[in-house]
Amino acid sequence: MTTTRPLAAFLLLLLLTACSAAAQPAQTSGKFSDEKMQHDGRERRFLVHDYSTSGPAPVVIVLHGGGGHPENGVDMSQIDTIAARERFIAVYPGGTGGTPGGRLLTWNATHCCAYARENAVDDVGFIRKLIDQLIASGRADPKRIFVTGMSNGGMMTHVLARELPDRIAAIAPIVGALFGDEPPARGPVAVIIFVGQDDQNVPGAGGPLGGAAKRGSLAKLRERPEDHDVAPDIAQANYWAKANGCAAPVEVRDKSGRVVEIRWEKCSSGKPILFYRVANNGHAWPGGRAGRAEADQPTQAVNASEMMWRFFVTHPKP
């Protein structure tokens with residue numbers, strides 16, 4: 001069943017990631033394709049930016065935030081800059097939405113968000129099919145499939161890792177969250193997590209999106225995009241520490257004050273978890289770009305995309 005949401009509410013949903021229809025950065029050394037597939041009665045779109053040179057290559061799947069779209073994921077993450085240098089494939093799928101134009105899109109991350117959640121969209125099946133297609137085509141190395149995403153996309157990143165550990169080697173949720181009632185993961189996955197110390201839309205202490213104090217931009221929405229409060233930010237790491245069989249963590253405070261780092265490295269699965277609480281960063285991709293001038297501006301003191309890539313390359317599937 002399809003739910004029709006007033007256009008004004010969908011426009012407000014842009015505030016989840018402060019996204020915009022920003023143009024893709026100019027690139028000349030890769031093979032770009034705008035592709036579509038049918039899944040579960042829907043046409044699903046995804047961008048493939050292939051910078052590989054030969055043979056099956058690593059793939060980084062980038063999930064835009066709620067109210068975003070594939071081009072928005074390109075711009076905010078700046079993953080293409082690294083893909084061009086390191087010769088891997090960056091893939092930018094699109095969620096689903098109820099308005100024309102394919103811009104105001106969300107992911108069904110169980111309790112969030114909006115259209116995708118309300119319509120029980122099978123996003124796990126879509127990404128599974130996308131990964132299998134990339135592997136079958138010879139483009140993707142099945143041992144080096146990685147996923148990242150921001151906000152609602154970060155939430156979806158957790159869901160994909162939980163359901164598809166046989167396909168995904170490592171993940172990097174950005175300013176995402178868990179809800180505290182997730183079922184056990186189907187297997188271990190290496191995880192690096194980034195949250196913003198000043199995030200008012202996905203509050204570090206947990207609670208409703210937008211914050212109990214109604215300070216975040218999400219508090220301006222007429223309807224909550226989620227149907228369940230988020231858990232505290234550290235719950236993301238604790239969930240995967242349990243799934244990966246990890247011992248007690250070690251906390252390190254960066255002397256520069258840029259991050260608080262918590263590491264779970266003694267794990268029976270061999271899959272570590274790194275958690276970074278980034279100073280002077282709100283609801284934004286550290287080291288990336290904001291969608292619009294009035295949105296939270298990401299700190300440039302920490303580059304999450306560079307850090308996750310260094311983590312990914314050292315944690316392929318065995």
# chains A, B, ... in the order shown; residues from 1 in each chain; ligands from 1

$ select_by_dssp --residues "stretch 54-227 of chain A" --states "strand (DSSP E)" --output "count of residues only"
35

$ closest_atom_pairs --of "stretch 154-222 of chain A" --to "stretch 59-67 of chain A" --cutoff "8 Å" --atoms "only C-alpha atoms" --output "Markdown table"
| residue | atom | partner | partner_atom | distance |
| --- | --- | --- | --- | --- |
| A:Gly154 | CA | A:Leu63 | CA | 7.3 |
| A:Met156 | CA | A:Leu63 | CA | 7.8 |
| A:Thr157 | CA | A:Leu63 | CA | 7.5 |

$ residues_around --residues "stretch 173-187 of chain A" --least-positions-apart "2" --cutoff "7 Å" --atoms "only C-alpha atoms" --output "PyMOL selection string"
chain A and resi 148-152+154-155+157+162-163+165+171+189+193-196+202+228-231+233+235-236+243+283+285

$ closest_residue --among "A:Val91, A:Ala304, A:Leu104, A:Ala290" --to "A:Asp75" --atoms "only C-alpha atoms"
A:Ala290

$ closest_atom_pairs --of "stretch 116-145 of chain A" --to "stretch 96-101 of chain A" --cutoff "10 Å" --atoms "only C-alpha atoms" --output "JSON lines"
{"residue": "A:Ala116", "atom": "CA", "partner": "A:Thr96", "partner_atom": "CA", "distance": 6.0}
{"residue": "A:Arg117", "atom": "CA", "partner": "A:Thr96", "partner_atom": "CA", "distance": 9.8}
{"residue": "A:Asn119", "atom": "CA", "partner": "A:Thr96", "partner_atom": "CA", "distance": 9.6}
{"residue": "A:Val121", "atom": "CA", "partner": "A:Thr96", "partner_atom": "CA", "distance": 7.8}
{"residue": "A:Asp123", "atom": "CA", "partner": "A:Thr96", "partner_atom": "CA", "distance": 8.9}

$ residues_around --residues "A:Glu265" --least-positions-apart "5" --cutoff "12 Å" --atoms "only C-alpha atoms" --output "ChimeraX atom specification"
/A:190-192,237,240-241,244-251,270-275

$ atom_distance --atom1 "atom CA of A:Lys242" --atom2 "atom CA of A:Asn281"
27.6 Å

$ residues_around --residues "A:Gln197" --least-positions-apart "5" --cutoff "8 Å" --atoms "only C-alpha atoms" --output "ChimeraX atom specification"
/A:204,277-282

$ write_last_selection --atoms "N, CA and C atoms" --output "PDB file, in the first residue's frame"
ATOM      1  N   GLY A 204      22.998  12.195  20.741  1.00  0.00           N
ATOM      2  CA  GLY A 204      23.927  11.217  21.273  1.00  0.00           C
ATOM      3  C   GLY A 204      23.408  10.478  22.486  1.00  0.00           C
ATOM      4  N   ARG A 277      33.594   9.668  18.276  1.00  0.00           N
ATOM      5  CA  ARG A 277      32.708  10.799  18.566  1.00  0.00           C
ATOM      6  C   ARG A 277      33.492  12.053  18.181  1.00  0.00           C
ATOM      7  N   VAL A 278      33.029  12.724  17.129  1.00  0.00           N
ATOM      8  CA  VAL A 278      33.812  13.782  16.488  1.00  0.00           C
ATOM      9  C   VAL A 278      33.428  15.150  17.049  1.00  0.00           C
ATOM     10  N   ALA A 279      34.415  15.863  17.544  1.00  0.00           N
ATOM     11  CA  ALA A 279      34.190  17.195  18.111  1.00  0.00           C
ATOM     12  C   ALA A 279      33.853  18.196  17.020  1.00  0.00           C
ATOM     13  N   ASN A 280      33.089  19.218  17.403  1.00  0.00           N
ATOM     14  CA  ASN A 280      32.738  20.314  16.492  1.00  0.00           C
ATOM     15  C   ASN A 280      32.065  19.815  15.218  1.00  0.00           C
ATOM     16  N   ASN A 281      31.294  18.750  15.367  1.00  0.00           N
ATOM     17  CA  ASN A 281      30.564  18.194  14.222  1.00  0.00           C
ATOM     18  C   ASN A 281      29.145  17.885  14.668  1.00  0.00           C
ATOM     19  N   GLY A 282      28.184  18.416  13.918  1.00  0.00           N
ATOM     20  CA  GLY A 282      26.786  18.144  14.207  1.00  0.00           C
ATOM     21  C   GLY A 282      26.267  17.016  13.343  1.00  0.00           C
TER      22      GLY A 282
END

$ closest_residue --among "A:Gln300, A:Arg289, A:Ile234, A:Glu261" --to "A:Val74" --atoms "only C-alpha atoms"
A:Arg289

$ residues_around --residues "A:Leu130" --least-positions-apart "3" --cutoff "9 Å" --atoms "only C-alpha atoms" --output "list in words"
Met37, Phe46, Pro93, Gly125, Phe126, Ile127, Gln133, Leu134 and Ile135 of chain A

$ write_last_selection --atoms "C-alpha atoms" --output "short mmCIF file (atom, residue, chain, number, x, y, z; two decimals), in the first residue's frame"
data_model
loop_
_atom_site.label_atom_id
_atom_site.label_comp_id
_atom_site.auth_asym_id
_atom_site.auth_seq_id
_atom_site.Cartn_x
_atom_site.Cartn_y
_atom_site.Cartn_z
CA MET A 37 16.71 -2.51 -11.85
CA PHE A 46 21.67 3.56 -8.60
CA PRO A 93 21.81 3.70 -4.66
CA GLY A 125 16.46 -7.26 -0.94
CA PHE A 126 17.30 -4.39 -3.30
CA ILE A 127 20.87 -3.98 -2.01
CA GLN A 133 24.56 -8.09 -9.95
CA LEU A 134 27.86 -6.25 -9.49
CA ILE A 135 29.62 -9.52 -8.64
#

$ atom_distance --atom1 "atom CA of A:Trp107" --atom2 "atom CA of A:Gly153"
6.7 Å

$ closest_residue --among "A:Ala120, A:Ala172, A:Ala213, A:Ile131" --to "A:Trp309" --atoms "only C-alpha atoms"
A:Ala172

$ atom_distance --atom1 "atom CA of A:Gln78" --atom2 "atom CA of A:Val124"
24.3 Å

$ closest_residue --among "A:Ser217, A:Val48, A:Ala114, A:Ala301" --to "A:Asp254" --atoms "only C-alpha atoms"
A:Ala301

$ residues_around --residues "stretch 84-89 of chain A" --least-positions-apart "4" --cutoff "9 Å" --atoms "only C-alpha atoms" --output "PyMOL selection string"
chain A and resi 27+29-30+48-53+57-61+79-80+139-140

$ select_by_dssp --residues "stretch 40-265 of chain A" --states "helix (DSSP H, G or I)" --output "ChimeraX atom specification"
/A:70-77,79-86,114-118,123-136,152-163,217-220,235-243
